[in-house]
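Everything below belongs to my_file.txt, which stores compact mmCIF, C-alpha atoms.
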```txt
# COMPACT_ATOMS: atom_id res chain seq x y z
CA MET J 1 97.62 114.68 108.56
CA ARG J 2 101.01 115.17 106.93
CA ARG J 3 101.45 115.78 103.21
CA LEU J 4 102.63 113.23 100.67
CA LYS J 5 105.38 113.56 98.11
CA THR J 6 107.27 111.32 95.71
CA LEU J 7 110.75 110.15 96.68
CA GLY J 8 112.50 108.37 93.84
CA ARG J 9 110.33 105.41 92.83
CA TYR J 10 108.22 105.53 95.99
CA LEU J 11 105.83 107.74 97.95
CA SER J 12 106.75 109.30 101.26
CA TRP J 13 105.52 111.69 103.87
CA ASP J 14 106.92 115.19 103.78
CA ASP J 15 109.31 114.27 106.61
CA GLY J 16 110.87 111.57 104.42
CA SER J 17 109.28 108.56 106.14
CA PRO J 18 107.76 105.91 103.84
CA PHE J 19 104.12 105.85 102.81
CA PHE J 20 102.77 102.56 101.47
CA TYR J 21 99.77 103.12 99.22
CA LEU J 22 97.36 100.32 100.08
CA ALA J 23 94.03 101.20 98.52
CA ASP J 24 90.59 99.71 98.43
CA THR J 25 88.44 100.13 95.34
CA ALA J 26 85.14 101.73 96.35
CA TRP J 27 84.13 103.50 93.16
CA GLU J 28 80.44 103.89 94.14
CA LEU J 29 81.00 104.84 97.78
CA LEU J 30 80.07 108.53 97.41
CA HIS J 31 77.08 107.70 95.24
CA ALA J 32 75.58 104.74 97.08
CA LEU J 33 76.25 104.81 100.84
CA SER J 34 74.65 106.68 103.69
CA ARG J 35 76.78 108.53 106.22
CA GLU J 36 76.25 105.80 108.80
CA GLU J 37 77.35 103.21 106.25
CA MET J 38 80.43 105.29 105.45
CA ASP J 39 81.32 105.32 109.16
CA PHE J 40 81.10 101.52 109.22
CA TYR J 41 83.06 101.13 105.99
CA PHE J 42 85.99 103.38 106.95
CA GLU J 43 86.26 101.92 110.45
CA CYS J 44 86.58 98.45 108.93
CA ARG J 45 89.10 99.44 106.28
CA ALA J 46 91.23 101.27 108.86
CA ARG J 47 91.32 98.14 111.03
CA GLN J 48 92.44 96.15 107.98
CA GLY J 49 95.37 98.51 107.39
CA PHE J 50 94.23 100.32 104.26
CA THR J 51 95.76 103.75 103.70
CA ALA J 52 93.68 104.90 100.72
CA VAL J 53 90.24 104.47 99.16
CA GLN J 54 89.59 105.03 95.45
CA CYS J 55 86.15 106.52 94.73
CA VAL J 56 84.41 108.66 92.11
CA ALA J 57 82.62 112.00 92.42
CA LEU J 58 80.55 111.61 89.22
CA ALA J 59 80.01 107.90 89.50
CA GLU J 60 79.94 105.11 86.94
CA ASN J 61 76.49 103.68 87.69
CA ASP J 62 74.44 106.44 86.03
CA GLY J 63 75.92 108.85 88.54
CA LEU J 64 74.58 111.99 86.82
CA ARG J 65 70.93 110.89 86.73
CA THR J 66 70.51 108.42 89.59
CA PRO J 67 70.44 110.21 92.98
CA ASN J 68 72.67 109.32 95.90
CA PHE J 69 71.41 107.79 99.16
CA TYR J 70 69.81 111.12 100.13
CA GLY J 71 68.13 111.71 96.80
CA ARG J 72 70.63 114.29 95.53
CA LEU J 73 72.40 114.56 92.19
CA PRO J 74 75.97 115.90 91.92
CA LEU J 75 75.15 118.51 89.27
CA LYS J 76 72.10 120.63 88.64
CA ILE J 77 70.33 120.33 85.31
CA GLY J 78 71.03 123.17 82.89
CA GLU J 79 68.71 124.89 80.45
CA ASN J 80 69.66 122.37 77.78
CA GLY J 81 68.35 119.54 79.97
CA MET J 82 71.86 118.19 80.64
CA PRO J 83 73.77 118.00 83.95
CA ASP J 84 75.86 121.16 84.22
CA PRO J 85 79.48 120.85 85.49
CA ALA J 86 79.31 124.57 86.33
CA ALA J 87 76.40 124.02 88.73
CA PRO J 88 77.36 121.52 91.47
CA ASP J 89 74.71 120.69 94.08
CA THR J 90 75.82 122.58 97.21
CA ASP J 91 72.45 123.61 98.70
CA GLY J 92 71.63 122.33 102.18
CA GLU J 93 73.17 120.08 104.82
CA TYR J 94 72.58 116.89 102.85
CA CYS J 95 73.48 118.21 99.41
CA TYR J 96 75.59 115.95 97.23
CA TRP J 97 78.88 117.70 97.85
CA SER J 98 78.46 117.97 101.62
CA HIS J 99 78.11 114.18 101.47
CA VAL J 100 81.44 114.00 99.62
CA ASP J 101 82.93 116.31 102.27
CA TYR J 102 81.66 113.96 104.97
CA ALA J 103 83.42 110.99 103.38
CA VAL J 104 86.68 112.92 103.11
CA ASP J 105 86.47 113.99 106.75
CA VAL J 106 85.61 110.52 108.08
CA ALA J 107 88.47 109.02 106.08
CA ALA J 108 90.83 111.61 107.58
CA LYS J 109 89.82 110.56 111.10
CA HIS J 110 91.04 107.09 110.20
CA ASP J 111 94.25 108.32 108.50
CA ILE J 112 92.95 107.21 105.11
CA PHE J 113 93.41 109.12 101.86
CA ILE J 114 90.48 109.63 99.51
CA VAL J 115 91.80 108.96 96.02
CA LEU J 116 89.21 111.04 94.22
CA LEU J 117 88.28 110.64 90.58
CA PRO J 118 86.57 113.87 89.54
CA THR J 119 84.47 111.91 87.04
CA TRP J 120 84.16 108.45 85.57
CA GLY J 121 85.39 108.26 82.00
CA ASP J 122 82.00 107.88 80.32
CA LYS J 123 81.26 111.53 81.13
CA PHE J 124 83.90 112.62 78.57
CA ASN J 125 84.33 109.47 76.45
CA ARG J 126 81.23 107.32 76.23
CA ALA J 127 82.90 104.38 74.57
CA TRP J 128 80.46 102.35 76.67
CA GLY J 129 78.39 103.06 79.75
CA LYS J 130 75.52 105.46 80.31
CA GLY J 131 77.26 108.81 80.21
CA PRO J 132 76.14 111.30 79.13
CA GLU J 133 79.20 113.11 77.81
CA ILE J 134 79.11 116.54 79.43
CA PHE J 135 82.72 117.77 79.38
CA ASP J 136 84.69 119.95 77.02
CA GLU J 137 87.96 121.77 77.67
CA GLN J 138 86.29 124.89 79.06
CA ASN J 139 83.94 123.33 81.58
CA ALA J 140 86.51 120.67 82.51
CA PHE J 141 88.89 123.45 83.57
CA ALA J 142 86.15 125.23 85.52
CA TYR J 143 85.04 122.01 87.24
CA GLY J 144 88.64 121.17 88.10
CA LYS J 145 89.19 124.63 89.54
CA TRP J 146 86.07 124.31 91.67
CA LEU J 147 87.24 120.94 92.98
CA GLY J 148 90.71 122.30 93.70
CA GLU J 149 89.29 125.25 95.61
CA ARG J 150 86.98 123.02 97.63
CA TYR J 151 89.52 120.34 98.60
CA SER J 152 92.99 121.91 98.44
CA LYS J 153 93.01 122.47 102.20
CA ARG J 154 91.97 118.93 103.04
CA PRO J 155 95.22 117.00 103.47
CA ASN J 156 93.92 113.50 102.72
CA ILE J 157 93.23 113.87 99.00
CA ILE J 158 95.01 112.23 96.06
CA TRP J 159 93.62 113.11 92.63
CA MET J 160 93.06 110.31 90.12
CA LEU J 161 92.03 111.50 86.65
CA GLY J 162 90.76 109.27 83.87
CA GLY J 163 88.24 106.62 84.82
CA ASP J 164 88.53 103.43 82.73
CA ARG J 165 88.59 105.04 79.30
CA ALA J 166 91.18 105.47 76.56
CA LEU J 167 92.20 108.99 75.58
CA GLU J 168 92.09 110.19 72.01
CA LYS J 169 93.27 113.73 71.23
CA ARG J 170 89.96 115.34 72.22
CA HIS J 171 89.75 113.41 75.48
CA ARG J 172 93.38 114.17 76.38
CA ALA J 173 92.64 117.88 76.01
CA ILE J 174 89.75 117.53 78.47
CA ILE J 175 91.89 115.70 81.02
CA ASP J 176 94.70 118.23 80.64
CA ALA J 177 92.20 121.04 81.23
CA MET J 178 90.72 119.37 84.31
CA ALA J 179 94.19 118.87 85.79
CA ALA J 180 95.08 122.48 85.02
CA GLY J 181 91.90 123.64 86.71
CA ILE J 182 92.71 121.72 89.89
CA LYS J 183 96.25 123.05 89.94
CA SER J 184 95.11 126.62 89.24
CA ALA J 185 93.41 126.66 92.63
CA GLY J 186 96.77 126.22 94.33
CA ASP J 187 96.21 122.53 94.96
CA THR J 188 99.40 120.61 95.78
CA HIS J 189 98.03 117.10 96.28
CA LEU J 190 99.55 114.20 94.36
CA MET J 191 97.88 113.39 91.05
CA THR J 192 97.69 110.22 88.95
CA PHE J 193 95.55 108.66 86.20
CA HIS J 194 93.35 105.53 86.06
CA PRO J 195 93.54 103.97 82.56
CA VAL J 196 91.32 101.66 80.59
CA GLY J 197 91.80 97.90 81.07
CA CYS J 198 95.09 96.31 80.01
CA ARG J 199 96.72 99.71 79.55
CA THR J 200 98.76 102.07 81.71
CA SER J 201 98.70 105.78 82.35
CA VAL J 202 102.09 105.99 80.63
CA ASP J 203 100.27 105.13 77.39
CA PHE J 204 98.01 108.18 77.64
CA VAL J 205 99.61 110.82 79.88
CA GLY J 206 103.22 109.69 80.00
CA ASP J 207 104.43 113.17 79.08
CA ALA J 208 102.13 115.07 81.46
CA ASP J 209 103.94 117.15 84.08
CA TYR J 210 100.94 117.01 86.39
CA ILE J 211 101.24 113.23 86.86
CA ASP J 212 103.14 112.39 90.04
CA PHE J 213 102.92 108.60 89.79
CA HIS J 214 101.65 106.23 87.14
CA THR J 215 99.18 103.37 87.35
CA ALA J 216 98.07 100.35 85.35
CA GLN J 217 94.78 98.53 85.09
CA THR J 218 95.78 94.90 84.66
CA SER J 219 92.08 94.12 84.98
CA HIS J 220 89.99 90.99 85.49
CA GLY J 221 90.64 88.79 82.46
CA ILE J 222 93.60 86.58 81.62
CA ASP J 223 95.34 88.98 79.22
CA GLN J 224 97.42 90.52 82.01
CA CYS J 225 96.32 88.95 85.29
CA TYR J 226 99.26 86.51 85.29
CA ALA J 227 101.66 89.12 83.93
CA SER J 228 101.02 92.11 86.17
CA ASP J 229 104.64 92.19 87.36
CA ARG J 230 105.80 92.47 83.75
CA VAL J 231 103.41 95.39 83.31
CA MET J 232 105.02 97.03 86.35
CA LEU J 233 108.49 96.57 84.86
CA LYS J 234 107.30 97.94 81.53
CA MET J 235 106.16 101.11 83.30
CA ALA J 236 109.48 101.28 85.14
CA ALA J 237 111.31 101.21 81.81
CA ALA J 238 109.11 103.97 80.39
CA THR J 239 109.12 106.47 83.26
CA ALA J 240 111.30 107.58 86.17
CA LYS J 241 108.21 108.23 88.30
CA PRO J 242 106.67 105.84 90.84
CA TYR J 243 104.20 103.31 89.47
CA MET J 244 101.60 100.80 90.67
CA ASP J 245 98.48 98.82 89.71
CA SER J 246 95.25 100.75 90.38
CA GLU J 247 92.95 97.94 89.21
CA PRO J 248 94.12 94.33 89.28
CA ARG J 249 91.84 91.32 89.67
CA TYR J 250 89.02 91.88 92.14
CA GLU J 251 88.15 89.30 94.75
CA ASP J 252 84.72 87.71 94.03
CA HIS J 253 84.79 88.92 90.41
CA PRO J 254 83.69 86.36 87.78
CA ALA J 255 86.89 85.22 86.12
CA CYS J 256 87.23 86.85 82.70
CA PHE J 257 83.90 88.69 83.30
CA ASN J 258 82.07 85.41 82.67
CA THR J 259 80.03 83.57 85.29
CA LYS J 260 79.96 80.53 82.99
CA THR J 261 83.59 79.82 83.86
CA GLY J 262 82.27 78.66 87.23
CA TYR J 263 85.14 80.47 88.96
CA TYR J 264 85.34 83.75 90.82
CA TRP J 265 88.74 85.26 91.58
CA ASP J 266 89.54 84.53 95.22
CA SER J 267 91.96 85.61 97.94
CA SER J 268 94.85 83.61 96.50
CA ASP J 269 94.38 85.34 93.13
CA VAL J 270 94.43 88.85 94.59
CA ARG J 271 97.47 87.99 96.74
CA GLN J 272 99.35 86.88 93.64
CA ASN J 273 98.99 90.26 91.93
CA ALA J 274 99.75 92.12 95.14
CA TYR J 275 103.08 90.38 95.79
CA TRP J 276 104.11 90.16 92.13
CA ASN J 277 103.57 93.90 91.73
CA VAL J 278 105.12 95.15 94.95
CA LEU J 279 108.22 92.98 94.50
CA SER J 280 108.51 94.48 91.02
CA GLY J 281 109.01 97.91 92.51
CA ALA J 282 105.44 99.22 92.69
CA CYS J 283 104.97 102.10 95.14
CA GLY J 284 101.86 100.44 96.53
CA HIS J 285 98.94 98.28 95.57
CA THR J 286 95.18 98.45 95.08
CA TYR J 287 92.86 95.75 96.38
CA GLY J 288 89.37 95.40 94.99
CA ASN J 289 86.26 93.36 95.60
CA HIS J 290 83.63 93.13 92.89
CA CYS J 291 80.78 93.55 95.37
CA ILE J 292 82.39 96.50 97.15
CA TRP J 293 83.30 98.77 94.24
CA SER J 294 79.65 98.49 93.22
CA MET J 295 78.34 98.69 96.82
CA THR J 296 76.05 95.75 96.05
CA ARG J 297 72.92 95.54 98.20
CA GLU J 298 71.08 92.76 96.36
CA PRO J 299 73.36 89.81 95.45
CA SER J 300 73.11 88.20 92.02
CA GLU J 301 75.05 85.67 90.00
CA TYR J 302 77.36 88.43 88.77
CA PHE J 303 77.63 90.18 92.16
CA PRO J 304 77.43 87.25 94.58
CA TYR J 305 77.59 89.08 97.97
CA THR J 306 76.41 92.23 99.64
CA TRP J 307 79.09 94.85 100.16
CA ARG J 308 78.91 94.35 103.93
CA GLU J 309 79.54 90.61 103.57
CA ALA J 310 82.41 91.17 101.16
CA LEU J 311 84.06 93.75 103.40
CA ILE J 312 85.67 91.06 105.55
CA HIS J 313 86.49 88.48 102.90
CA GLU J 314 89.92 86.85 103.09
CA GLY J 315 91.69 88.91 100.46
CA ALA J 316 90.82 92.18 102.19
CA GLU J 317 91.84 90.87 105.60
CA GLN J 318 95.19 89.64 104.24
CA MET J 319 96.37 92.82 102.50
CA ILE J 320 97.71 94.13 105.80
CA HIS J 321 100.35 91.38 105.75
CA LEU J 322 101.73 92.74 102.46
CA LYS J 323 101.90 96.21 103.98
CA ARG J 324 103.62 94.98 107.13
CA LEU J 325 106.19 92.97 105.21
CA ARG J 326 106.97 95.91 102.95
CA LEU J 327 107.43 98.31 105.88
CA SER J 328 109.36 95.86 108.05
CA ARG J 329 112.75 96.53 106.44
CA ASP J 330 114.59 99.34 104.71
CA TYR J 331 111.86 100.72 102.47
CA PHE J 332 113.39 102.88 99.78
CA SER J 333 116.23 100.54 98.80
CA LEU J 334 114.04 97.69 97.48
CA GLN J 335 114.68 96.82 93.82
CA THR J 336 113.64 93.92 91.65
CA MET J 337 116.35 91.23 91.41
CA PRO J 338 115.25 88.29 89.24
CA GLY J 339 118.70 86.68 89.33
CA LEU J 340 118.00 85.39 92.84
CA VAL J 341 115.89 82.62 91.30
CA CYS J 342 117.60 80.12 88.99
CA ASP J 343 114.54 78.31 87.72
CA ASN J 344 111.18 79.88 87.08
CA TYR J 345 107.79 78.99 85.68
CA ALA J 346 105.02 80.43 83.54
CA GLY J 347 101.55 81.72 84.34
CA MET J 348 100.34 81.74 87.92
CA GLY J 349 103.37 79.73 89.06
CA HIS J 350 106.02 82.29 88.19
CA MET J 351 108.11 83.78 90.98
CA VAL J 352 109.41 87.29 91.57
CA ALA J 353 112.40 88.40 93.60
CA ALA J 354 113.61 91.70 95.01
CA ALA J 355 116.32 92.91 97.37
CA GLY J 356 116.95 95.91 99.56
CA GLU J 357 119.64 97.01 101.98
CA GLY J 358 120.51 93.85 103.93
CA TYR J 359 117.58 91.67 102.83
CA ALA J 360 115.90 89.88 99.92
CA TYR J 361 112.46 88.47 99.12
CA VAL J 362 111.35 85.71 96.75
CA TYR J 363 107.63 85.18 96.22
CA SER J 364 106.49 81.69 95.26
CA PRO J 365 102.75 81.90 94.43
CA LEU J 366 102.15 78.13 94.36
CA GLY J 367 104.78 77.05 96.88
CA ILE J 368 106.78 75.36 94.10
CA PRO J 369 110.37 74.47 95.12
CA PHE J 370 113.07 76.58 93.50
CA THR J 371 116.81 77.13 93.49
CA PHE J 372 117.96 80.27 95.29
CA ASP J 373 121.15 81.94 94.08
CA PRO J 374 122.57 84.40 96.64
CA ALA J 375 125.34 85.65 94.32
CA PRO J 376 123.54 88.88 93.25
CA LEU J 377 123.39 89.92 96.93
CA ARG J 378 127.20 89.98 97.18
CA CYS J 379 127.13 89.01 100.84
CA SER J 380 130.20 87.63 102.58
CA GLY J 381 128.60 86.25 105.72
CA PRO J 382 125.87 83.70 106.47
CA LEU J 383 122.26 84.43 105.47
CA ARG J 384 119.33 83.87 107.79
CA ALA J 385 116.37 82.36 105.89
CA SER J 386 112.70 82.52 106.88
CA TRP J 387 109.32 81.78 105.34
CA TYR J 388 106.71 84.54 105.45
CA ASN J 389 103.08 83.43 105.21
CA PRO J 390 100.97 85.93 103.16
CA ARG J 391 97.78 84.44 104.60
CA THR J 392 98.64 84.99 108.27
CA GLY J 393 101.61 87.37 108.37
CA GLU J 394 103.64 84.85 110.37
CA GLU J 395 107.37 84.74 109.69
CA LYS J 396 109.40 81.71 110.83
CA ILE J 397 113.12 81.12 110.47
CA PHE J 398 114.06 77.73 109.00
CA GLY J 399 117.78 77.83 108.41
CA VAL J 400 121.04 79.57 107.57
CA LEU J 401 122.29 79.70 103.96
CA ASN J 402 125.80 79.80 102.54
CA PRO J 403 126.16 83.07 100.56
CA ARG J 404 128.51 81.38 98.08
CA GLU J 405 126.35 78.48 96.92
CA LYS J 406 123.01 77.92 95.30
CA THR J 407 120.40 76.15 97.43
CA MET J 408 117.28 74.22 96.49
CA LEU J 409 114.43 75.39 98.73
CA ALA J 410 110.95 73.99 99.21
CA PRO J 411 108.26 76.20 100.74
CA PRO J 412 106.31 74.59 103.60
CA THR J 413 103.25 73.76 101.44
CA GLN J 414 102.47 73.50 97.75
CA GLY J 415 99.45 74.15 95.53
CA LYS J 416 96.93 76.88 94.73
CA GLY J 417 96.57 79.12 97.78
CA CYS J 418 99.90 77.96 99.23
CA ASP J 419 101.93 81.05 98.43
CA TRP J 420 105.05 81.89 100.44
CA VAL J 421 107.71 84.57 100.62
CA LEU J 422 111.31 83.59 101.21
CA VAL J 423 112.96 86.21 103.43
CA VAL J 424 116.76 86.26 103.43
CA GLU J 425 118.82 88.57 105.63
CA GLY J 426 122.49 89.08 106.25
CA ILE J 427 123.64 88.14 109.74
```
Starting from the file, give its structure as structure tokens.
Amino acid sequence: MRRLKTLGRYLSWDDGSPFFYLADTAWELLHALSREEMDFYFECRARQGFTAVQCVALAENDGLRTPNFYGRLPLKIGENGMPDPAAPDTDGEYCYWSHVDYAVDVAAKHDIFIVLLPTWGDKFNRAWGKGPEIFDEQNAFAYGKWLGERYSKRPNIIWMLGGDRALEKRHRAIIDAMAAGIKSAGDTHLMTFHPVGCRTSVDFVGDADYIDFHTAQTSHGIDQCYASDRVMLKMAAATAKPYMDSEPRYEDHPACFNTKTGYYWDSSDVRQNAYWNVLSGACGHTYGNHCIWSMTREPSEYFPYTWREALIHEGAEQMIHLKRLRLSRDYFSLQTMPGLVCDNYAGMGHMVAAAGEGYAYVYSPLGIPFTFDPAPLRCSGPLRASWYNPRTGEEKIFGVLNPREKTMLAPPTQGKGCDWVLVVEGI
């Protein structure tokens, strides 16, 4: 597998060809699944076009004290009765870390990157969760160095520090030390940071040299779920590095964390954030399903499906259409261009527009008619216009537009779940 690098606002392979980061959120994968289940999972995600999987070494769900599928814990217990970051479990064929190795290797066979969080945030900042807090600067550096030495030669790793927690001064020192430890082993993989909800990595590690691209967690409530594109643009204004959303709304997640709303975010909701974000210049996107990050085996009101059932839900199956659209035209030239839309709306109805070399996109999440203004494109010849269906990936030409006049356009269908992308190209 080739190596990744940053190229301007985007990610690329080391030969300069584009890499579109399309990740699934599988936080508990290393902690909860068997090797046979991992085989099934990665085969499915590869078929669906995913290029990355976000998972955690020291997992959220009591990952230090609850064994993995094979009854192993990631760290041995020290003399003080606490899990010891200096004593990883590496004894035997089915030790914890050989299981992590297996996941990395299976992902590589499917050309998928493991976006590896060294630890969930409650292990250094137990603002909530089970913890326990086990890290300080010294053992964070040593643990990072051990990870770097173990995985620096595996090409399909991206490091993701953090883990859903804010950083105060003490916590920032721990994260800095862990990053330094990884780098001290000669590791050259890309590195980013997963922030707490409704914040971005720019807020906490915006000045860190070790960060290659930034991420947001626009999360699962209404504070940012209808404004994720504005969060992307805020990151763009604050950093010259690539940026993206590493945790937007999850499919099948109770809206606003509350089952009493009677509504679970669905495929149309996750498509909205995906297209809003990518057409706002994000270097990729992260999909998530509430029952997959948790690897749910026994459904409940809060986790309504098993992970196997959720694996083929609509939102996951439709992410490949976003990837294909993004890679179908000149990749690195795409920039947000709001002036292409004359009239816009609030909330879930708002549209985003972007243009690249010889083409432009306008995303209408509810299929609401709008006025298209071609003036910002500065084209002299006719413009071919098509509708792209985010549900099916079908693109169908419907007309030719005059580059010198505004045009009122109506997507083929309207309403929730009737999202469309206008595709305009110079002839």
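The shell of residues at most 6 Å from Ala360 in chain J, with all atoms listed in the file counted and near chain neighbours (fewer than 6 positions) removed, consists of Ala354, Val423 and Val424 of chain J.
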| Between CA of Cys342 in chain J and CA of Pro374 in chain J, what is the spacing in Å? | 10.1 Å
| field | Nearest to Tyr305 in chain J, chosen from J:Thr336, J:Thr259, J:Asn289, J:Ser280, with only C-alpha atoms counted in the distances | value | J:Asn289
| request: Go through J:Ala127, J:Ala86, J:Leu147, J:Asp252 one by one, measure the shortest atom-to-atom distance of each to Pro299 in chain J using all atoms listed in the file, and give the residue with the smallest value. | output: J:Asp252
| said: Rounded to one decimal, what separation in Å do you get between CA of Gly8 in chain J and CA of Tyr210 in chain J? | reply: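 Computing it gives 16.2 Å between the two atoms.
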Give me, as a tab-separated table, the closest atom pair and its distance (Å, one decimal) for every residue of range 133-170 of chain J within a cut-off of 12 Å of range 215-227 of chain J, counting only C-alpha atoms, rows sorted by chain and rising number.
```
residue	atom	partner	partner_atom	distance
J:Met160	CA	J:Thr215	CA	9.7
J:Leu161	CA	J:Thr215	CA	10.8
J:Gly162	CA	J:Thr215	CA	10.9
J:Gly163	CA	J:Gln217	CA	10.4
J:Asp164	CA	J:Gln217	CA	8.3
J:Arg165	CA	J:Gln217	CA	10.7
J:Ala166	CA	J:Gln217	CA	11.6
```
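Put simply, CA of Phe257 in chain J is 13.1 Å away from CA of Pro304 in chain J.
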At a cut-off of 10 Å, using all atoms listed in the file, what residues contact Lys406 in chain J? Leave out same-chain residues fewer than 2 positions from it and give the result as a PDB file with C-alpha atoms, in the frame of the given file.
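Writing the result to selection_11.pdb gives the following:
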```
ATOM      1  CA  LEU J 340     118.000  85.390  92.840  1.00  0.00           C
ATOM      2  CA  VAL J 341     115.890  82.620  91.300  1.00  0.00           C
ATOM      3  CA  CYS J 342     117.600  80.120  88.990  1.00  0.00           C
ATOM      4  CA  THR J 371     116.810  77.130  93.490  1.00  0.00           C
ATOM      5  CA  PHE J 372     117.960  80.270  95.290  1.00  0.00           C
ATOM      6  CA  ASP J 373     121.150  81.940  94.080  1.00  0.00           C
ATOM      7  CA  PRO J 374     122.570  84.400  96.640  1.00  0.00           C
ATOM      8  CA  ALA J 375     125.340  85.650  94.320  1.00  0.00           C
ATOM      9  CA  LEU J 401     122.290  79.700 103.960  1.00  0.00           C
ATOM     10  CA  ASN J 402     125.800  79.800 102.540  1.00  0.00           C
ATOM     11  CA  PRO J 403     126.160  83.070 100.560  1.00  0.00           C
ATOM     12  CA  ARG J 404     128.510  81.380  98.080  1.00  0.00           C
ATOM     13  CA  MET J 408     117.280  74.220  96.490  1.00  0.00           C
ATOM     14  CA  LEU J 409     114.430  75.390  98.730  1.00  0.00           C
TER      15      LEU J 409
END
```
| message | Given the point (83.7, 106.7, 85.4) in the file's coordinates, find the residues that have an atom at most 6 Å from it, counting only C-alpha atoms, and give them as a list in words. | response | Ala59, Glu60, Thr119, Trp120, Gly121, Asp122 and Gly163 of chain J
| said: With 12 Å as the threshold, what does the neighbourhood of (81.5, 111.8, 103.6) contain in terms of residues, counting all atoms listed in the file? Coordinates are those of the file; answer as a ChimeraX atom specification. | reply: /J:29-42,55,57,68-69,93-109,114
| task | Using all atoms listed in the file, pick whichever of J:Asp229, J:Glu309, J:Asp343, J:Glu301 has the shortest atom-to-atom distance to Thr407 in chain J. | result | J:Asp343
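For the residues J:Arg45, J:Lys183, J:Arg72, J:Lys416, ranking by smallest atom-to-atom distance to Asp266 in chain J using all atoms listed in the file places J:Lys416 first.
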| query | So, counting all atoms listed in the file, which residue among J:Val352, J:Leu366, J:Leu116, J:Ala52 is closest to Gly288 in chain J? | reply | J:Ala52
Could range 56-72 of chain J be completed with N, CA and C atoms and written as a short mmCIF file (atom, residue, chain, number, x, y, z; two decimals), keeping the file's coordinate frame, please?
```cif
data_model
loop_
_atom_site.label_atom_id
_atom_site.label_comp_id
_atom_site.auth_asym_id
_atom_site.auth_seq_id
_atom_site.Cartn_x
_atom_site.Cartn_y
_atom_site.Cartn_z
N VAL J 56 84.70 107.78 93.24
CA VAL J 56 84.41 108.66 92.11
C VAL J 56 83.35 109.69 92.49
N ALA J 57 83.59 110.94 92.14
CA ALA J 57 82.62 112.00 92.42
C ALA J 57 81.40 111.91 91.50
N LEU J 58 81.64 111.81 90.19
CA LEU J 58 80.55 111.61 89.22
C LEU J 58 80.61 110.15 88.81
N ALA J 59 79.79 109.34 89.44
CA ALA J 59 80.01 107.90 89.50
C ALA J 59 79.63 107.16 88.22
N GLU J 60 80.14 105.93 88.13
CA GLU J 60 79.94 105.11 86.94
C GLU J 60 78.48 104.70 86.75
N ASN J 61 77.83 104.26 87.82
CA ASN J 61 76.49 103.68 87.69
C ASN J 61 75.43 104.76 87.55
N ASP J 62 75.40 105.38 86.36
CA ASP J 62 74.44 106.44 86.03
C ASP J 62 74.50 107.54 87.09
N GLY J 63 75.72 107.93 87.43
CA GLY J 63 75.92 108.85 88.54
C GLY J 63 75.41 110.26 88.33
N LEU J 64 75.10 110.64 87.08
CA LEU J 64 74.58 111.99 86.82
C LEU J 64 73.06 112.05 86.90
N ARG J 65 72.39 110.88 86.79
CA ARG J 65 70.93 110.89 86.73
C ARG J 65 70.27 110.05 87.81
N THR J 66 71.04 109.20 88.48
CA THR J 66 70.51 108.42 89.59
C THR J 66 70.97 109.07 90.89
N PRO J 67 70.05 109.49 91.76
CA PRO J 67 70.44 110.21 92.98
C PRO J 67 71.24 109.35 93.93
N ASN J 68 71.95 110.02 94.85
CA ASN J 68 72.67 109.32 95.90
C ASN J 68 71.71 108.85 96.98
N PHE J 69 72.24 108.36 98.09
CA PHE J 69 71.41 107.79 99.16
C PHE J 69 70.37 108.80 99.65
N TYR J 70 70.70 110.08 99.61
CA TYR J 70 69.81 111.12 100.13
C TYR J 70 68.99 111.81 99.05
N GLY J 71 68.97 111.19 97.87
CA GLY J 71 68.13 111.71 96.80
C GLY J 71 68.69 112.91 96.07
N ARG J 72 70.01 113.12 96.15
CA ARG J 72 70.63 114.29 95.53
C ARG J 72 71.51 113.88 94.36
#
```
